[in-house]
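What follows is a single structure, written as structure tokens, with notes after it.
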Amino acid sequence: MRATFRLLVLACALLGVAPAFAQTAPQPAPLPDRVARNLPTLQAEALSSDMALETVTDLVTQVGPRQAGTEAEARAREWAVAFLRRSGFSNVRVEPFNVPAWDATREEGAIIAPIQQRMVTAALGGSAPTPAGGLEAEIVRFENMAALEAASESAVRGRIVFIDEHMMRTQDGSGYGAAVVKRGRCAPVAQSKGAAACIIRSVGTDDNRFAHQGGQSRQADGASLPAASISPADADVLTRLVARGPVRVRLNIETTVTENAPSGNVIGEIRGRERPDEIVLMVAHLDSWDLGQGAIDNGAGVSIITSAARLIAALPGQPRRTIRVVLMGSEEIGGLGGAEYARVHAGDTHVAAAESDFGAGRVWRYRWRFDEAAQPYAQTLRAALAPLGVVADANAQAGGGTDLRGVNAAGVALVDLNQDGASYFDAHHTANDTLDRIDPAQLQQNVAAYATFAYIAADTDWVFAAPN
Ligand SMILES: [Zn+2]
């Protein structure tokens with residue numbers, strides 16, 4: 001402690017006032033006896049249960065990749081309905097909606113001059129096809145989107161734009177927000193300057209030879225350029241060649257588009273014994289990109305939230321309130337399932353909500369968004385999560401994820417259980433998103449954290465945020 005600070009604290013103590021910077025968090029509200037008794041059992045069960053690993057294993061084995069609006073996503077819904085029913089959920093149902101489905105049936109890229117070398121290439125979601133047989137053009141390289149935005153049309157016209165921006169590796173995944181801009185914006189901006197196509201260094205943190213898929217803003221911007229990502233190793237090759245002279249690349253992309261393809265959200269509930277109309281909501285998405293298996297994104301989330309609910313259902317007696325799990329469709333093409341859920345369920349009483357969509361790394365941080373009067377409950381949750389190694393962070397409020405955007409906008413109380421994302425973007429949206437990326441012990445810790453939140457919210461009558 002610095003001397004001046006110590007003096008100030010001493011002066012405040014003598015005057016009987018608390019210095020503003022020394023304000024302490026409110027005392028935790030005591031848990032009802034039954035909840036306090038059950039919570040250690042619930043956490044111990046979660047930390048030793050194979051339930052989540054079995055669930056994600058079954059999903060990626062029985063269904064595999066399941067791109068939004070495809071027949072594979074429809075099979076994932078069938079799998080989910082059967083799984084929820086046999087796992088004891090009630091009110092299991094599909095809430096259908098339609099989406100513009102897009103699929104790549106060919107996604108090839110190659111350097112053709114001054115050397116010939118194939119590039120590991122993934123068409124970006126919503127990409128236009130190339131002309132039949134592909135297109136060839138000279139590369140023009142930019143360090144980032146800002147450089148492309150600033151470029152003259154004469155530098156870009158007729159060429160294939162290459163955005164070479166790297167992504168920062170961070171524990172909280174915050175590097176993604178900056179890096180993903182090029183995925184959404186490259187094609188429309190390149191198109192406005194007369195480019196032939198757009199390729200980007202994959203939005204990812206690995207240095208492997210996997211390309212990262214992902215959506216772009218074609219639908220919003222009406223862009224019609226072919227757009228693709230290439231693996232980090234191939235981006236390195238391009239960069240070295242461009243430094244030595246002109247480089248020509250061939251892209252060959254074929255796609256199918258179905259404007260009104262079926263998608264849907266799958267819902268299951270653990271009904272509350274006293275207040276069944278008050279809902280504690282947990283969401284994860286069922287769809288995935290299709291190069292990998294959709295294990296970390298987001299089979300993990302599906303397994304975490306459903307296991308948390310099942311372990312609570314296995315406690316003696318039902319919780320007071322209803323726990324609802326929603327396995328969202330078509331998250332990857334713009335959070336369409338989450339938007340549909342918020343629209344259909346705007347009149348429901350949501351007590352609190354949490355989303356799992358950041359892989360299976362251990363939960364390290366807890367954030368919340370509660371009313372002022374509910375801050376003691378936030379401290380109860382903090383204390384309950386602490387034995388799991390989760391730290392509370394009051395510096396920012398919880399914000400949910402893509403599938404909670406609509407629920408978030410409606411002012412529902414939110415809890416974020418942030419997973420360690422330091423390695424998440426190594427395999428995210430790649431062929432390497434496979435079951436072996438999931439660490440069973442870390443998956444169990446996730447289940448324990450989500451179960452802790454859902455149980456405390458569902459087996460009390462606490463109000464976390466006043467209804468709108
Ligand atoms: Zn996801």
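Going through the structure tokens in order, the chains are called A, B, and so on, while each chain numbers its residues from 1 and the ligands are numbered from 1 in the order shown.
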Kindly compile the residues surrounding ligand 1 within 10 Å, counting only C-alpha atoms and all ligand atoms, and format them as a PyMOL selection string.
-> chain A and resi 284-289+294-301+330-332+335+356-359+401-403+428-429
So which residues of range 38-208 of chain A fall under alpha helix (DSSP H) by DSSP, listed as a count of residues only?
-> 66
Test item: residues at most 7 Å from range 461-463 of chain A, only C-alpha atoms, excluding those fewer than 2 positions along its chain, as number ranges by chain | A: 351, 374, 459, 465-466
Write out the residues from the selection above, keeping C-alpha atoms, as an mmCIF file, in the first residue's frame.
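File written: again14.cif
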data_model
loop_
_atom_site.group_PDB
_atom_site.id
_atom_site.type_symbol
_atom_site.label_atom_id
_atom_site.label_comp_id
_atom_site.auth_asym_id
_atom_site.auth_seq_id
_atom_site.Cartn_x
_atom_site.Cartn_y
_atom_site.Cartn_z
ATOM 1 C CA VAL A 351 -35.874 -15.016 -15.027
ATOM 2 C CA ALA A 374 -30.312 -8.049 -7.117
ATOM 3 C CA ASP A 459 -34.699 -23.173 -7.155
ATOM 4 C CA ALA A 465 -34.090 -8.071 -13.207
ATOM 5 C CA ALA A 466 -37.533 -6.491 -13.050
#
Of the candidates A:Ile270, A:Val247, A:Ile312, A:Ala451, which one gets nearest to Gln117 in chain A if we count only C-alpha atoms?
-> A:Val247
Pairwise distance for CA of Thr41 in chain A and CA of Tyr455 in chain A, rounded to one decimal in Å = 11.7 Å
Please provide the set of residues having any atom within 10 Å of Asp234 in chain A, restricted to only C-alpha atoms, with same-chain residues fewer than 6 positions apart removed, written as a list in words.
->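 Listed by chain and then number, they are Ala110, Ile111, Gln117, Arg118, Met119, Val120, Thr121, Arg201, Ser202, Asp207, Asn208, Arg209, Phe210, Ala211 and Arg240 of chain A.
Of the listed residues A:Ala233, A:Ile304, A:Ile115, A:Ala394, the one whose atoms come nearest to Val56 in chain A is A:Ile304, with distances taken using only C-alpha atoms.
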Using DSSP on the backbone, list every residue of range 286-454 of chain A that comes out as strand (DSSP E or B), and give them as a ChimeraX atom specification.
-> /A:321-328,349-355,363-369,391-392,414-419
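Proximity to Asp290 in chain A was assessed for A:Ala122, A:Ala25, A:Ile112, A:Ala82 counting only C-alpha atoms; the smallest distance is recorded for A:Ala122.
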Interatomic distance between CA of Gly347 in chain A and CA of Ala458 in chain A?
->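 Rounded to one decimal, the two atoms are 18.9 Å apart.
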Might you pull out every residue within 10 Å of Gly317 in chain A, with only C-alpha atoms counted and same-chain residues fewer than 3 positions away left off, and present them as a list in words?
->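 What passes the distance filter is Gly272, Arg273, Ile312, Ala313, Ala314 and Arg320 of chain A.
In terms of minimum interatomic distance to Gly215 in chain A, A:Ser229 ranks closest within A:Ser174, A:Ser229, A:Ser48, A:Thr349, counting only C-alpha atoms.
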Do you know which residues are at most 6 Å from Val266 in chain A counting only C-alpha atoms, after dropping those on the same chain fewer than 3 positions away, and could you put them as a ChimeraX atom specification?
-> /A:93-94,326-327
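Across the structure, CA of Tyr366 in chain A and CA of Ala342 in chain A are spaced 23.7 Å apart.
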